[in-house]
>>> print(open('run-v5.cif').read())   # mmCIF, C-alpha atoms
data_target
#
loop_
_atom_site.label_atom_id
_atom_site.label_comp_id
_atom_site.auth_asym_id
_atom_site.auth_seq_id
_atom_site.Cartn_x
_atom_site.Cartn_y
_atom_site.Cartn_z
CA MET R 1 11.40 63.33 100.62
CA ALA R 2 12.66 59.82 99.86
CA ALA R 3 9.54 58.13 101.31
CA PRO R 4 7.01 59.99 99.06
CA LEU R 5 9.22 59.29 96.02
CA VAL R 6 9.32 55.57 96.86
CA LEU R 7 5.52 55.60 97.23
CA VAL R 8 5.09 57.26 93.82
CA VAL R 9 7.47 54.70 92.26
CA LEU R 10 5.56 51.78 93.84
CA VAL R 11 2.21 53.12 92.57
CA ALA R 12 3.64 53.69 89.08
CA VAL R 13 5.18 50.20 88.89
CA THR R 14 1.94 48.62 90.15
CA VAL R 15 -0.13 50.44 87.50
CA ARG R 16 2.24 49.27 84.76
CA ALA R 17 2.35 45.68 86.05
CA VAL R 18 -1.48 45.51 86.12
CA LEU R 19 -1.78 46.92 82.61
CA TYR R 20 0.84 44.48 81.28
CA ARG R 21 -1.40 41.63 82.47
CA SER R 22 -4.62 43.15 81.11
CA SER R 23 -6.23 42.92 77.69
CA LEU R 24 -5.47 46.63 77.19
CA ALA R 25 -1.75 45.93 76.63
CA ALA R 26 -2.30 44.59 73.10
CA PHE R 27 -4.64 47.48 72.24
CA ILE R 28 -2.22 50.14 73.52
CA SER R 29 0.77 48.61 71.70
CA GLU R 30 -1.11 48.96 68.38
CA ARG R 31 -1.97 52.63 68.87
CA VAL R 32 -0.25 54.90 66.33
CA GLU R 33 -0.11 57.67 68.95
CA VAL R 34 2.07 55.49 71.19
CA ALA R 35 4.28 53.54 68.76
CA SER R 36 5.87 54.87 65.58
CA PRO R 37 7.80 53.08 62.80
CA LEU R 38 10.98 54.07 64.68
CA ASN R 39 10.23 52.74 68.13
CA ALA R 40 7.42 50.15 67.86
CA TRP R 41 8.10 46.97 69.84
CA LYS R 42 6.84 44.75 67.00
CA ARG R 43 9.61 46.10 64.79
CA VAL R 44 12.22 45.45 67.47
CA VAL R 45 11.01 41.83 67.70
CA GLU R 46 11.23 41.58 63.89
CA GLY R 47 14.80 42.90 63.99
CA LEU R 48 15.72 40.38 66.70
CA ALA R 49 14.28 37.54 64.62
CA LEU R 50 16.42 38.57 61.63
CA LEU R 51 19.51 38.87 63.86
CA ASP R 52 18.93 35.36 65.27
CA LEU R 53 18.76 34.03 61.69
CA GLY R 54 22.14 35.58 60.91
CA VAL R 55 20.58 38.23 58.65
CA SER R 56 21.23 41.96 59.09
CA PRO R 57 18.18 43.52 60.78
CA TYR R 58 18.63 46.49 58.44
CA SER R 59 18.39 44.41 55.25
CA GLY R 60 14.65 45.11 54.96
CA ALA R 61 12.51 48.20 55.52
CA ILE R 62 11.07 47.16 58.90
CA PHE R 63 13.68 47.78 61.60
CA HIS R 64 14.94 51.33 62.23
CA GLU R 65 16.24 51.25 65.79
CA THR R 66 19.92 51.60 66.64
CA PRO R 67 22.28 48.60 66.96
CA LEU R 68 22.79 49.15 70.70
CA ILE R 69 19.05 48.79 71.31
CA ILE R 70 18.77 45.54 69.37
CA TYR R 71 21.77 44.05 71.16
CA LEU R 72 20.40 45.20 74.51
CA PHE R 73 17.16 43.28 73.92
CA HIS R 74 19.02 40.38 72.33
CA PHE R 75 20.11 39.55 75.89
CA LEU R 76 17.12 40.93 77.80
CA ILE R 77 14.17 39.96 75.60
CA GLU R 78 12.76 37.71 78.34
CA TYR R 79 12.75 40.65 80.77
CA ALA R 80 11.47 43.33 78.37
CA GLU R 81 8.59 44.43 80.61
CA LEU R 82 10.92 44.79 83.59
CA VAL R 83 13.44 46.73 81.47
CA PHE R 84 10.80 49.29 80.44
CA MET R 85 9.52 49.71 83.99
CA ILE R 86 13.09 50.23 85.25
CA THR R 87 13.81 52.81 82.52
CA ASP R 88 10.73 54.82 83.53
CA VAL R 89 11.76 54.72 87.19
CA LEU R 90 15.34 55.73 86.33
CA THR R 91 14.05 58.64 84.25
CA ALA R 92 11.86 59.87 87.12
CA VAL R 93 14.68 59.54 89.68
CA ALA R 94 17.14 61.34 87.37
CA LEU R 95 14.67 64.21 86.84
CA TYR R 96 13.99 64.32 90.60
CA LEU R 97 17.69 64.66 91.43
CA ALA R 98 18.28 67.14 88.59
CA ILE R 99 15.48 69.47 89.67
CA GLN R 100 16.54 69.16 93.31
CA ASP R 101 20.00 70.49 92.38
CA PHE R 102 18.56 73.08 90.00
CA ASN R 103 16.32 74.50 92.76
CA LYS R 104 19.37 74.94 94.99
CA VAL R 105 21.15 76.85 92.22
CA VAL R 106 18.06 79.01 91.58
CA PHE R 107 17.69 79.86 95.27
CA LYS R 108 21.38 80.80 95.63
CA LYS R 109 21.22 82.98 92.52
CA GLN R 110 18.02 84.66 93.74
CA LYS R 111 19.58 85.33 97.17
CA LEU R 112 22.67 86.87 95.53
CA LEU R 113 20.56 89.13 93.29
CA ILE R 114 18.53 90.30 96.30
CA GLU R 115 21.75 91.12 98.20
CA LEU R 116 23.08 93.03 95.18
CA ASP R 117 19.77 94.95 95.00
CA LYS R 118 19.12 93.84 91.42
CA TYR R 119 15.37 93.37 91.94
CA ALA R 120 12.73 96.11 91.99
CA PRO R 121 11.42 97.01 95.48
CA ASP R 122 7.79 95.97 94.86
CA VAL R 123 8.37 92.37 93.67
CA ALA R 124 8.41 90.57 97.02
CA GLU R 125 5.44 88.42 95.93
CA LEU R 126 7.45 87.15 92.93
CA ILE R 127 10.39 85.96 95.06
CA ARG R 128 10.44 82.18 95.39
CA THR R 129 10.59 80.63 98.86
CA PRO R 130 12.23 77.35 99.98
CA MET R 131 8.82 76.01 101.10
CA GLU R 132 7.35 76.71 97.65
CA MET R 133 10.24 74.92 95.93
CA HIS R 134 10.47 71.99 98.34
CA TYR R 135 7.99 69.66 96.65
CA ILE R 136 8.78 70.54 93.04
CA PRO R 137 11.21 67.59 92.44
CA LEU R 138 8.56 65.17 93.75
CA LYS R 139 5.92 66.75 91.51
CA VAL R 140 8.24 66.35 88.50
CA ALA R 141 8.69 62.62 89.27
CA LEU R 142 4.93 62.31 89.80
CA PHE R 143 4.13 64.12 86.54
CA TYR R 144 6.42 61.77 84.65
CA LEU R 145 5.62 58.42 86.25
CA LEU R 146 1.84 58.81 86.44
CA ASN R 147 1.31 60.70 83.20
CA PRO R 148 -1.00 58.53 81.02
CA TYR R 149 1.30 59.23 78.05
CA THR R 150 4.28 57.73 79.91
CA VAL R 151 2.25 54.78 81.17
CA MET R 152 1.01 53.96 77.66
CA SER R 153 4.52 54.20 76.20
CA CYS R 154 5.80 51.80 78.85
CA VAL R 155 2.92 49.32 78.38
CA ALA R 156 3.40 49.43 74.59
CA LYS R 157 7.15 48.83 75.15
CA SER R 158 7.99 51.78 72.94
CA THR R 159 11.74 52.41 72.87
CA CYS R 160 10.89 56.12 73.26
CA ALA R 161 11.05 55.34 77.01
CA ILE R 162 14.75 54.49 76.66
CA ASN R 163 15.40 57.72 74.73
CA ASN R 164 13.72 59.66 77.56
CA THR R 165 15.95 57.93 80.12
CA VAL R 166 19.10 58.91 78.23
CA ILE R 167 17.93 62.55 77.95
CA ALA R 168 17.03 62.59 81.66
CA PHE R 169 20.54 61.42 82.60
CA PHE R 170 21.99 64.03 80.24
CA ILE R 171 19.98 66.72 82.08
CA LEU R 172 21.12 65.37 85.46
CA ALA R 173 24.79 65.30 84.40
CA THR R 174 24.54 68.84 83.01
CA ILE R 175 22.91 70.29 86.13
CA LYS R 176 25.45 68.47 88.33
CA GLY R 177 28.15 70.25 86.29
CA SER R 178 29.84 67.15 84.84
CA ALA R 179 30.93 68.15 81.33
CA PHE R 180 32.21 64.66 80.51
CA LEU R 181 29.03 62.78 81.48
CA SER R 182 26.87 65.48 79.93
CA ALA R 183 28.71 65.09 76.60
CA VAL R 184 28.53 61.28 76.76
CA PHE R 185 24.78 61.19 77.45
CA LEU R 186 24.12 63.89 74.85
CA ALA R 187 26.07 61.83 72.30
CA LEU R 188 24.04 58.75 73.26
CA ALA R 189 20.76 60.70 72.92
CA THR R 190 21.86 62.04 69.52
CA TYR R 191 22.85 58.51 68.46
CA GLN R 192 19.40 57.27 69.45
CA SER R 193 17.20 59.85 67.74
CA LEU R 194 19.37 62.57 66.12
CA TYR R 195 17.27 65.57 67.21
CA PRO R 196 18.80 65.94 70.73
CA LEU R 197 21.77 67.48 68.91
CA THR R 198 19.96 70.79 69.49
CA LEU R 199 20.35 70.33 73.26
CA PHE R 200 24.09 71.00 72.87
CA ALA R 201 23.50 74.78 73.11
CA PRO R 202 21.57 74.90 76.43
CA ALA R 203 23.93 72.35 77.99
CA LEU R 204 26.97 74.40 77.00
CA LEU R 205 25.40 77.62 78.31
CA TYR R 206 24.61 75.99 81.66
CA LEU R 207 28.10 74.51 82.03
CA LEU R 208 29.67 77.88 81.18
CA GLN R 209 27.60 79.46 83.95
CA ARG R 210 28.72 76.76 86.38
CA GLN R 211 32.34 77.57 85.55
CA PHE R 212 31.71 81.34 85.83
CA ILE R 213 32.94 81.80 82.25
CA PRO R 214 31.46 84.91 80.57
CA ILE R 215 29.35 84.19 77.49
CA LYS R 216 31.16 86.58 75.18
CA LEU R 217 32.33 85.79 71.66
CA LYS R 218 35.56 87.73 72.24
CA SER R 219 36.42 85.75 75.36
CA LYS R 220 39.21 83.18 74.95
CA SER R 221 37.97 81.13 77.91
CA PHE R 222 34.52 80.91 76.28
CA TRP R 223 35.92 79.44 73.05
CA LEU R 224 38.35 77.15 74.89
CA TYR R 225 35.59 75.61 77.03
CA THR R 226 33.24 75.38 74.02
CA MET R 227 35.91 73.51 72.03
CA GLN R 228 36.56 71.16 74.96
CA TYR R 229 32.86 70.32 75.39
CA ALA R 230 32.35 69.94 71.62
CA ALA R 231 35.40 67.64 71.42
CA LEU R 232 34.06 65.48 74.27
CA TYR R 233 30.68 65.29 72.56
CA LEU R 234 32.03 64.46 69.10
CA CYS R 235 34.52 61.89 70.42
CA SER R 236 31.77 60.17 72.42
CA LEU R 237 29.51 60.11 69.35
CA VAL R 238 32.28 58.67 67.15
CA VAL R 239 33.05 55.97 69.75
CA ILE R 240 29.36 54.95 69.97
CA ILE R 241 28.97 54.83 66.18
CA CYS R 242 32.19 52.81 65.80
CA LEU R 243 30.99 50.41 68.50
CA SER R 244 27.78 49.93 66.49
CA PHE R 245 29.87 49.16 63.40
CA PHE R 246 31.90 46.52 65.27
CA LEU R 247 28.72 44.90 66.58
CA LEU R 248 27.22 44.59 63.09
CA ASN R 249 30.36 44.70 60.95
CA SER R 250 28.36 46.96 58.65
CA TRP R 251 27.40 50.61 58.18
CA ASP R 252 23.87 49.64 57.08
CA PHE R 253 22.38 51.13 60.23
CA ILE R 254 23.25 54.72 59.24
CA PRO R 255 20.85 55.03 56.27
CA SER R 256 18.31 52.75 57.99
CA VAL R 257 18.17 54.85 61.17
CA TYR R 258 19.27 58.41 60.41
CA GLY R 259 18.34 58.38 56.73
CA PHE R 260 14.90 57.11 57.75
CA ILE R 261 14.47 59.89 60.34
CA LEU R 262 15.49 62.63 57.90
CA SER R 263 13.86 61.44 54.66
CA VAL R 264 10.53 60.31 56.24
CA PRO R 265 9.75 57.47 53.77
CA ASP R 266 7.18 55.72 56.00
CA LEU R 267 3.95 57.75 56.07
CA THR R 268 2.18 55.71 58.73
CA PRO R 269 -0.20 58.10 60.57
CA ASN R 270 1.06 59.45 63.89
CA ILE R 271 0.64 62.56 66.06
CA GLY R 272 3.20 64.49 64.01
CA LEU R 273 2.88 66.98 61.17
CA PHE R 274 4.71 65.11 58.41
CA TRP R 275 2.65 62.08 57.38
CA TYR R 276 -0.49 63.66 55.89
CA PHE R 277 1.35 66.50 54.20
CA PHE R 278 3.74 64.19 52.33
CA ALA R 279 1.04 61.63 51.52
CA GLU R 280 -0.82 64.36 49.60
CA MET R 281 2.23 65.96 47.95
CA PHE R 282 3.61 65.42 44.45
CA GLU R 283 6.84 63.43 44.73
CA HIS R 284 9.06 65.92 42.91
CA PHE R 285 8.33 68.54 45.61
CA SER R 286 8.96 66.22 48.54
CA LEU R 287 12.73 66.81 48.97
CA PHE R 288 12.30 70.56 49.26
CA PHE R 289 9.49 70.31 51.80
CA VAL R 290 11.26 67.59 53.81
CA CYS R 291 14.12 70.07 54.25
CA VAL R 292 11.66 72.83 55.21
CA PHE R 293 9.90 70.63 57.78
CA GLN R 294 13.12 69.21 59.24
CA ILE R 295 14.73 72.60 59.65
CA ASN R 296 12.00 73.59 62.14
CA VAL R 297 13.63 71.54 64.90
CA PHE R 298 17.01 73.24 64.39
CA PHE R 299 15.88 76.71 63.29
CA TYR R 300 14.86 78.04 66.72
CA THR R 301 18.02 76.99 68.57
CA ILE R 302 20.16 80.07 67.82
CA PRO R 303 17.48 82.74 68.50
CA LEU R 304 16.49 80.94 71.72
CA ALA R 305 20.17 80.71 72.74
CA ILE R 306 20.50 84.47 72.30
CA LYS R 307 17.29 85.30 74.17
CA LEU R 308 17.67 82.73 76.98
CA LYS R 309 21.45 82.63 77.42
CA GLU R 310 21.03 83.55 81.11
CA HIS R 311 18.38 80.83 81.61
CA PRO R 312 19.72 77.63 79.99
CA VAL R 313 17.44 75.20 81.87
CA PHE R 314 14.31 76.96 80.62
CA PHE R 315 15.95 76.99 77.17
CA MET R 316 16.44 73.21 77.50
CA PHE R 317 12.76 72.75 78.40
CA VAL R 318 11.62 74.76 75.37
CA GLN R 319 14.01 72.90 73.06
CA ILE R 320 12.80 69.47 74.26
CA ALA R 321 9.22 70.62 73.60
CA ILE R 322 10.17 71.81 70.08
CA ILE R 323 11.75 68.41 69.36
CA SER R 324 8.63 66.55 70.50
CA ILE R 325 6.39 68.73 68.29
CA PHE R 326 8.45 68.98 65.10
CA LYS R 327 10.31 65.64 64.90
CA SER R 328 9.37 63.36 62.01
CA TYR R 329 7.97 60.44 64.04
CA PRO R 330 6.71 61.79 67.40
CA THR R 331 4.76 59.79 69.98
CA VAL R 332 3.01 60.66 73.23
CA GLY R 333 6.13 59.46 75.09
CA ASP R 334 8.04 62.44 73.68
CA VAL R 335 5.32 64.80 74.89
CA ALA R 336 5.43 63.26 78.38
CA LEU R 337 9.10 64.20 78.84
CA TYR R 338 8.70 67.95 78.50
CA MET R 339 5.37 67.92 80.36
CA ALA R 340 7.21 66.51 83.38
CA PHE R 341 8.98 69.89 83.63
CA LEU R 342 5.78 71.92 84.00
CA PRO R 343 5.87 71.85 87.86
CA VAL R 344 9.34 73.45 87.70
CA TRP R 345 7.68 76.55 86.25
CA SER R 346 4.74 76.59 88.68
CA HIS R 347 5.74 80.12 89.71
CA LEU R 348 4.74 81.27 86.21
CA TYR R 349 1.07 80.23 86.57
CA ARG R 350 -0.07 83.75 87.49
CA PHE R 351 1.31 85.02 84.16
CA LEU R 352 -0.12 82.27 81.93
CA ARG R 353 -2.95 83.52 79.74
CA ASN R 354 -4.57 80.42 78.23
CA ILE R 355 -3.52 77.51 80.42
CA PHE R 356 -7.08 76.26 81.14
CA ILE R 357 -8.19 76.38 77.49
CA LEU R 358 -4.98 74.74 76.23
CA SER R 359 -5.18 72.00 78.87
CA CYS R 360 -8.73 71.25 77.75
CA VAL R 361 -7.63 71.20 74.09
CA LEU R 362 -4.84 68.69 74.78
CA ILE R 363 -7.08 66.43 76.90
CA VAL R 364 -9.94 66.47 74.37
CA CYS R 365 -7.54 65.78 71.48
CA SER R 366 -6.02 62.86 73.40
CA LEU R 367 -9.49 61.37 73.87
CA LEU R 368 -10.50 61.96 70.25
CA PHE R 369 -7.43 60.29 68.71
CA PRO R 370 -8.74 56.70 69.09
CA VAL R 371 -12.31 57.77 68.26
CA LEU R 372 -11.42 59.34 64.91
CA TRP R 373 -9.00 56.51 64.14
CA HIS R 374 -11.83 54.02 64.62
CA LEU R 375 -14.21 56.07 62.45
CA TRP R 376 -11.57 56.25 59.69
CA ILE R 377 -10.03 52.76 59.70
CA TYR R 378 -12.79 50.50 61.04
CA ALA R 379 -16.18 52.19 60.62
CA GLY R 380 -15.32 53.84 57.30
CA SER R 381 -17.52 56.82 58.17
CA ALA R 382 -14.59 59.29 58.22
CA ASN R 383 -11.34 59.77 56.31
CA SER R 384 -7.74 60.81 56.92
CA ASN R 385 -8.73 64.49 56.99
CA PHE R 386 -10.58 63.94 60.28
CA TYR R 387 -7.61 62.28 61.96
CA TYR R 388 -5.12 64.84 60.67
CA ALA R 389 -7.40 67.67 61.84
CA ILE R 390 -7.23 66.43 65.42
CA THR R 391 -3.46 65.88 65.04
CA LEU R 392 -3.07 69.45 63.83
CA THR R 393 -5.18 70.75 66.74
CA PHE R 394 -3.08 68.75 69.21
CA ASN R 395 0.17 70.20 67.85
CA ILE R 396 -1.20 73.75 67.73
CA GLY R 397 -2.22 73.27 71.37
CA GLN R 398 1.33 72.24 72.25
CA ILE R 399 2.84 75.18 70.35
CA LEU R 400 0.53 77.65 72.11
CA LEU R 401 1.28 76.01 75.48
CA VAL R 402 5.04 76.40 75.05
CA SER R 403 4.57 79.95 73.72
CA ASP R 404 2.43 80.78 76.76
CA TYR R 405 5.14 79.56 79.14
CA PHE R 406 7.79 81.42 77.14
CA TYR R 407 5.82 84.68 77.35
CA ALA R 408 5.12 84.14 81.07
CA PHE R 409 8.80 83.51 81.78
CA LEU R 410 9.95 86.66 79.98
CA ARG R 411 7.19 88.69 81.62
CA ARG R 412 8.20 87.61 85.13
CA GLU R 413 11.87 88.36 84.42
CA TYR R 414 10.93 91.84 83.23
CA TYR R 415 8.79 92.51 86.30
CA LEU R 416 11.61 91.40 88.62
CA THR R 417 13.91 94.16 87.36
CA HIS R 418 11.38 96.87 86.45
CA GLY R 419 8.71 96.35 89.11
CA LEU R 420 5.19 94.95 89.04
CA HIS R 421 3.41 98.29 88.70
CA LEU R 422 4.46 99.71 85.34
CA THR R 423 3.40 103.24 84.37
CA ARG R 424 3.58 105.31 81.20
CA GLN R 425 5.22 108.72 81.02
CA ASP R 426 1.81 110.35 81.64
CA GLY R 427 1.37 108.31 84.85
CA THR R 428 -1.27 105.89 83.53
CA GLU R 429 -0.90 102.13 84.00
CA ALA R 430 1.16 100.42 81.29
CA MET R 431 0.67 96.96 79.80
CA LEU R 432 3.59 94.70 78.97
CA VAL R 433 3.49 93.36 75.39
CA LEU R 434 5.81 90.71 73.95
CA LYS R 435 7.08 91.60 70.47
#
>>> encode(input="run-v5.cif", output="structure tokens")
Amino acid sequence: MAAPLVLVVLVAVTVRAVLYRSSLAAFISERVEVASPLNAWKRVVEGLALLDLGVSPYSGAIFHETPLIIYLFHFLIEYAELVFMITDVLTAVALYLAIQDFNKVVFKKQKLLIELDKYAPDVAELIRTPMEMHYIPLKVALFYLLNPYTVMSCVAKSTCAINNTVIAFFILATIKGSAFLSAVFLALATYQSLYPLTLFAPALLYLLQRQFIPIKLKSKSFWLYTMQYAALYLCSLVVIICLSFFLLNSWDFIPSVYGFILSVPDLTPNIGLFWYFFAEMFEHFSLFFVCVFQINVFFYTIPLAIKLKEHPVFFMFVQIAIISIFKSYPTVGDVALYMAFLPVWSHLYRFLRNIFILSCVLIVCSLLFPVLWHLWIYAGSANSNFYYAITLTFNIGQILLVSDYFYAFLRREYYLTHGLHLTRQDGTEAMLVLK
């Protein structure tokens, strides 16, 4: 499997290297779908210029990246293109290794359930085989490295690529069962963009399963392990934040990074749901609706944890998708991360209801983004309503896609235990409905 992975990496690096040297690089780096006020490369360069002049990069309203990022590029600015290509490759390799281990765990669990006779007798066609699962890690790496969204983020030098790398290593550490590394990378991901805080729940559930600790609120071992993991996470986060303070000798980065993410003061158009809504709203209502919009990312964590407590990796996939849809400044790089996981759930394709239509919606929206932007900003023959309409359609498409996978996953799990051929009490065929 190593040879195909190396080939995919070589193709991906070649594509990026060619695009870096083409005239498209400047065009892509200006696209609002690819770069946001949080992660745009131009803003990083501006922050570096202020740092070189001995001025705090957070003294203005331009730079909103974390101190570790600016100090990273303070030393590696000459090799920025190489850094972004390496981060993409590291992300793909981390996801490859993570899914490889996850497939082993899934197969062992499936074998145990078959031996314990936990599956219905007529579900042989739903049982996953080693041959079917063999190429899934390679497909995940392929989906990430050659996804146009990922390629554009890399060419634009959006720091979203670095965030994805940190999250990928967090997933790898979690699936490997390393609580310490999982907590460290989760703290680093939270430090970078705040929203990965919600990934604490699926990581904890997976690690509890690895330790064979029952997920029961009355269990002492459950609370002991939860406290240990939470302490590791919080200590790591405090250390990283204190390190940032020592680098800058100032706490200015906290309101400039996290205050900026939560309060959404910059209404530059992007592929998210915030900008148009708050541009049209009366100012005295904005605080209330900012809270309402922001709570969406965190609101679904507890119900999903209850419903998917036995399936924490699928829970993690859904949570990453929710973050990419409902965060305040999303880009296509965020979308690329959760889309890389779609091959992992290839066994759900037979249960998906609208996959073709939703795929077409997402592709068409992606193509229409630059068209409607040009009509609005340059041609003047459209207005912001047109661009927001396609943004809204794109996000609705993502929500329906994740919902479709969620329904398909629950449906397959139900069939595994109750059988494929469901009947009513009168003997007629029954239909499974998600409520």
>>> resolve_selection(input="run-v5.cif", expression="the PyMOL selection byres ((chain R and resi 294-311) around 8)", output="list in words")
Tyr195, Thr198, Ala201, Pro202, Leu205, Tyr206, Leu262, Val290, Cys291, Val292, Phe293, Pro312, Val313, Phe314, Phe315, Gln319, Ile322, Ile323, Phe326, Lys327 and Ser328 of chain R
>>> closest_residue(input="run-v5.cif", among="R:Arg412, R:Lys220, R:Lys157, R:Arg350", to="R:Phe73", atoms="all atoms listed in the file")
R:Lys157
>>> resolve_selection(input="run-v5.cif", expression="the PyMOL selection byres ((chain R and resi 325) around 12)", output="number ranges by chain")
R: 195, 270-274, 293-294, 296-297, 318-324, 326-338, 391-402
>>> residues_around(input="run-v5.cif", residues="R:Asp88", least_positions_apart="6", cutoff="10 Å", atoms="only C-alpha atoms", output="PyMOL selection string")
chain R and resi 9+12-13+94+141+144-145+150-151+153-154+161-162+164-165
>>> write_last_selection(input="run-v5.cif", atoms="C-alpha atoms", output="compact mmCIF listing (two decimals), keeping the file's coordinate frame")
# COMPACT_ATOMS: atom_id res chain seq x y z
CA VAL R 9 7.47 54.70 92.26
CA ALA R 12 3.64 53.69 89.08
CA VAL R 13 5.18 50.20 88.89
CA ALA R 94 17.14 61.34 87.37
CA ALA R 141 8.69 62.62 89.27
CA TYR R 144 6.42 61.77 84.65
CA LEU R 145 5.62 58.42 86.25
CA THR R 150 4.28 57.73 79.91
CA VAL R 151 2.25 54.78 81.17
CA SER R 153 4.52 54.20 76.20
CA CYS R 154 5.80 51.80 78.85
CA ALA R 161 11.05 55.34 77.01
CA ILE R 162 14.75 54.49 76.66
CA ASN R 164 13.72 59.66 77.56
CA THR R 165 15.95 57.93 80.12
>>> closest_atom_pairs(input="run-v5.cif", of="stretch 14-115 of chain R", to="stretch 240-251 of chain R", cutoff="12 Å", atoms="only C-alpha atoms", output="JSON lines")
{"residue": "R:Leu51", "atom": "CA", "partner": "R:Leu248", "partner_atom": "CA", "distance": 9.6}
{"residue": "R:Gly54", "atom": "CA", "partner": "R:Leu248", "partner_atom": "CA", "distance": 10.6}
{"residue": "R:Val55", "atom": "CA", "partner": "R:Leu248", "partner_atom": "CA", "distance": 10.2}
{"residue": "R:Ser56", "atom": "CA", "partner": "R:Leu248", "partner_atom": "CA", "distance": 7.7}
{"residue": "R:Pro57", "atom": "CA", "partner": "R:Leu248", "partner_atom": "CA", "distance": 9.4}
{"residue": "R:Tyr58", "atom": "CA", "partner": "R:Trp251", "partner_atom": "CA", "distance": 9.7}
{"residue": "R:Ser59", "atom": "CA", "partner": "R:Ser250", "partner_atom": "CA", "distance": 10.8}
{"residue": "R:Glu65", "atom": "CA", "partner": "R:Ser244", "partner_atom": "CA", "distance": 11.6}
{"residue": "R:Thr66", "atom": "CA", "partner": "R:Ser244", "partner_atom": "CA", "distance": 8.0}
{"residue": "R:Pro67", "atom": "CA", "partner": "R:Ser244", "partner_atom": "CA", "distance": 5.7}
{"residue": "R:Leu68", "atom": "CA", "partner": "R:Ser244", "partner_atom": "CA", "distance": 6.6}
{"residue": "R:Ile69", "atom": "CA", "partner": "R:Ser244", "partner_atom": "CA", "distance": 10.0}
{"residue": "R:Ile70", "atom": "CA", "partner": "R:Leu247", "partner_atom": "CA", "distance": 10.4}
{"residue": "R:Tyr71", "atom": "CA", "partner": "R:Leu247", "partner_atom": "CA", "distance": 8.4}
{"residue": "R:Leu72", "atom": "CA", "partner": "R:Leu247", "partner_atom": "CA", "distance": 11.5}
>>> residues_around(input="run-v5.cif", residues="R:Leu194", least_positions_apart="6", cutoff="10 Å", atoms="all atoms listed in the file", output="ChimeraX atom specification")
/R:187-188,257-258,261-262,327
>>> write_last_selection(input="run-v5.cif", atoms="C-alpha atoms", output="PDB file, in the coordinates of the input")
ATOM      1  CA  ALA R 187      26.070  61.830  72.300  1.00  0.00           C
ATOM      2  CA  LEU R 188      24.040  58.750  73.260  1.00  0.00           C
ATOM      3  CA  VAL R 257      18.170  54.850  61.170  1.00  0.00           C
ATOM      4  CA  TYR R 258      19.270  58.410  60.410  1.00  0.00           C
ATOM      5  CA  ILE R 261      14.470  59.890  60.340  1.00  0.00           C
ATOM      6  CA  LEU R 262      15.490  62.630  57.900  1.00  0.00           C
ATOM      7  CA  LYS R 327      10.310  65.640  64.900  1.00  0.00           C
TER       8      LYS R 327
END
>>> closest_atom_pairs(input="run-v5.cif", of="stretch 97-202 of chain R", to="stretch 20-44 of chain R", cutoff="7 Å", atoms="only C-alpha atoms", output="JSON lines")
{"residue": "R:Met152", "atom": "CA", "partner": "R:Ile28", "partner_atom": "CA", "distance": 6.5}
{"residue": "R:Ser153", "atom": "CA", "partner": "R:Val34", "partner_atom": "CA", "distance": 5.7}
{"residue": "R:Val155", "atom": "CA", "partner": "R:Tyr20", "partner_atom": "CA", "distance": 6.0}
{"residue": "R:Ala156", "atom": "CA", "partner": "R:Ser29", "partner_atom": "CA", "distance": 4.0}
{"residue": "R:Lys157", "atom": "CA", "partner": "R:Trp41", "partner_atom": "CA", "distance": 5.7}
{"residue": "R:Ser158", "atom": "CA", "partner": "R:Ala40", "partner_atom": "CA", "distance": 5.4}
{"residue": "R:Thr159", "atom": "CA", "partner": "R:Asn39", "partner_atom": "CA", "distance": 5.0}
{"residue": "R:Cys160", "atom": "CA", "partner": "R:Asn39", "partner_atom": "CA", "distance": 6.2}
>>> write_last_selection(input="run-v5.cif", atoms="C-alpha atoms", output="compact mmCIF listing (two decimals), in the coordinates of the input")
# COMPACT_ATOMS: atom_id res chain seq x y z
CA MET R 152 1.01 53.96 77.66
CA SER R 153 4.52 54.20 76.20
CA VAL R 155 2.92 49.32 78.38
CA ALA R 156 3.40 49.43 74.59
CA LYS R 157 7.15 48.83 75.15
CA SER R 158 7.99 51.78 72.94
CA THR R 159 11.74 52.41 72.87
CA CYS R 160 10.89 56.12 73.26
>>> resolve_selection(input="run-v5.cif", expression="the PyMOL selection byres ((chain R and resi 172) around 8)", output="PDB file with C-alpha atoms, in the coordinates of the input")
ATOM      1  CA  ALA R  94      17.140  61.340  87.370  1.00  0.00           C
ATOM      2  CA  LEU R  95      14.670  64.210  86.840  1.00  0.00           C
ATOM      3  CA  LEU R  97      17.690  64.660  91.430  1.00  0.00           C
ATOM      4  CA  ALA R  98      18.280  67.140  88.590  1.00  0.00           C
ATOM      5  CA  ALA R 168      17.030  62.590  81.660  1.00  0.00           C
ATOM      6  CA  PHE R 169      20.540  61.420  82.600  1.00  0.00           C
ATOM      7  CA  PHE R 170      21.990  64.030  80.240  1.00  0.00           C
ATOM      8  CA  ILE R 171      19.980  66.720  82.080  1.00  0.00           C
ATOM      9  CA  ALA R 173      24.790  65.300  84.400  1.00  0.00           C
ATOM     10  CA  THR R 174      24.540  68.840  83.010  1.00  0.00           C
ATOM     11  CA  ILE R 175      22.910  70.290  86.130  1.00  0.00           C
ATOM     12  CA  LYS R 176      25.450  68.470  88.330  1.00  0.00           C
ATOM     13  CA  SER R 182      26.870  65.480  79.930  1.00  0.00           C
TER      14      SER R 182
END
>>> atom_distance(input="run-v5.cif", atom1="atom CA of R:Ala183", atom2="atom CA of R:Tyr233")
4.5 Å
>>> closest_residue(input="run-v5.cif", among="R:Asp52, R:Val6, R:Thr417, R:Arg16", to="R:Pro148", atoms="all atoms listed in the file")
R:Arg16
